[in-house]
Amino acid sequence: MFKTDTEAAQALRDKYKILKAEIGKVIIGQDDIIHQTLLAIFSQGHVLLVGVPGLAKTLLVNTIGQVLGLSFNRIQFTPDLMPSDIIGTEILDETRHFKFIKGPVFSNVILADEINRTPPKTQAALLEAMQEKRITVAGQTHKLSEPFFVLATQNPIEQEGTYPLPEAQLDRFMFNLWLDYPSFDEEITVVKNTTSGQKNTVEALMNAEEISYFQQLVRRVPVADNVYEYAVKLVAKTRPKTVDAHEWTNKFISWGAGPRASQYLILGAKANALFNGKYSPDIEDVKAVALPILRHRLVRNYTAEAEGISMADIIQKLV
């Protein structure tokens, strides 16, 4: 597609700017969330979006799917949702043979809406898909279309009738992004745009083949040894009662991050460097992605909750 990786890196930086501008036609504000969601897509990661209702989480995913020219499916997670409702099921056809009917997971972009509203058995149906990019039904393995990206949403305020995601599933998500309320000016723009007859639409600026190419480019980005060491040391600092543990870790954390966090710190830093026109990431790029990568992989203890120490405070201290 490109003669050299340097040319491809420049093309990705230009594409990123155009994509962000196109998404901005529909999504007002939320620059960091758009940036980090695109980082996850080009790093082949998944995103867990946490925010109160009405912050355009569903619209964001839909818009990104359209701009990237990818197929998009929304799965509304409810307490009575079954695994077969996600991955598909086998039926007997007219010739008395079993035929597999694909579920909504067979798409490029999956919006798992309110993922914590469904029981663990159904949540687990996504695990194999997210990790292995395939699903197994009745002993038969079915590959998912590439690229494959899960964007799950979670409502942080309603705890009734919810099933908190287990640590093993949380670890599958590259980023945990918290959506904030829009600023006063942004909210004015949102209200003007959504209460008039005008409707903004976006165009597909990429396709699945291009995205897969750039995902492989991110993997090929060279990284200096000191950046690898910084990322691994940062994750090691989060593990309480170990040699490298930070004093805040021993005081406020009951469980630290695993090796997947180190892998995602490097991948996220590589993509962040390319988006910013650099050909290799530095320590600043690792710091830029540390909060959303570590936030859901650490478990605060009672001391931290009692003293009002947030996860962001702890990660900021470690970085």
# chains A, B, ... in the order shown; residues from 1 in each chain; ligands from 1
call {"tool": "residues_around", "arguments": {"residues": "range 252-258 of chain A", "least_positions_apart": "6", "cutoff": "8 Å", "atoms": "only C-alpha atoms", "output": "ChimeraX atom specification"}}
result
/A:235-236,238-240,294,297-304,314
call {"tool": "residues_around", "arguments": {"residues": "Lys102 in chain A", "least_positions_apart": "4", "cutoff": "9 Å", "atoms": "only C-alpha atoms", "output": "compact mmCIF listing (two decimals) with N, CA and C atoms, in the first residue's frame"}}
result
# COMPACT_ATOMS: atom_id res chain seq x y z
N ILE A 86 -26.04 -13.67 21.34
CA ILE A 86 -24.85 -12.91 20.96
C ILE A 86 -24.08 -13.61 19.86
N ILE A 87 -23.79 -14.90 20.09
CA ILE A 87 -22.88 -15.59 19.16
C ILE A 87 -23.61 -16.33 18.04
N GLY A 88 -24.89 -16.61 18.23
CA GLY A 88 -25.65 -17.33 17.20
C GLY A 88 -26.04 -18.72 17.69
N THR A 89 -26.77 -19.44 16.87
CA THR A 89 -27.27 -20.76 17.29
C THR A 89 -27.39 -21.69 16.08
N GLU A 90 -27.49 -22.99 16.36
CA GLU A 90 -27.67 -23.97 15.29
C GLU A 90 -29.14 -24.33 15.17
N PHE A 106 -20.95 -11.22 14.82
CA PHE A 106 -20.25 -11.29 13.53
C PHE A 106 -20.36 -9.95 12.82
call {"tool": "closest_residue", "arguments": {"among": "A:Leu318, A:Val26, A:Ala261, A:Ala8", "to": "Asn176 in chain A", "atoms": "only C-alpha atoms"}}
result
A:Ala261
call {"tool": "closest_residue", "arguments": {"among": "A:Ile309, A:Val286, A:Val61, A:Leu81", "to": "Val223 in chain A", "atoms": "only C-alpha atoms"}}
result
A:Val286
call {"tool": "atom_distance", "arguments": {"atom1": "CA of Leu49 in chain A", "atom2": "CA of Lys15 in chain A"}}
result
23.7 Å
call {"tool": "closest_residue", "arguments": {"among": "A:Pro53, A:Pro292, A:Pro104, A:Pro164", "to": "Leu39 in chain A", "atoms": "only C-alpha atoms"}}
result
A:Pro292
call {"tool": "closest_atom_pairs", "arguments": {"of": "range 61-94 of chain A", "to": "range 118-127 of chain A", "cutoff": "6 Å", "atoms": "only C-alpha atoms", "output": "Markdown table"}}
result
| residue | atom | partner | partner_atom | distance |
| --- | --- | --- | --- | --- |
| A:Phe77 | CA | A:Thr118 | CA | 5.6 |
| A:Thr78 | CA | A:Thr118 | CA | 5.0 |
| A:Pro79 | CA | A:Thr118 | CA | 4.4 |
| A:Met82 | CA | A:Thr122 | CA | 5.7 |
| A:Pro83 | CA | A:Thr122 | CA | 4.7 |
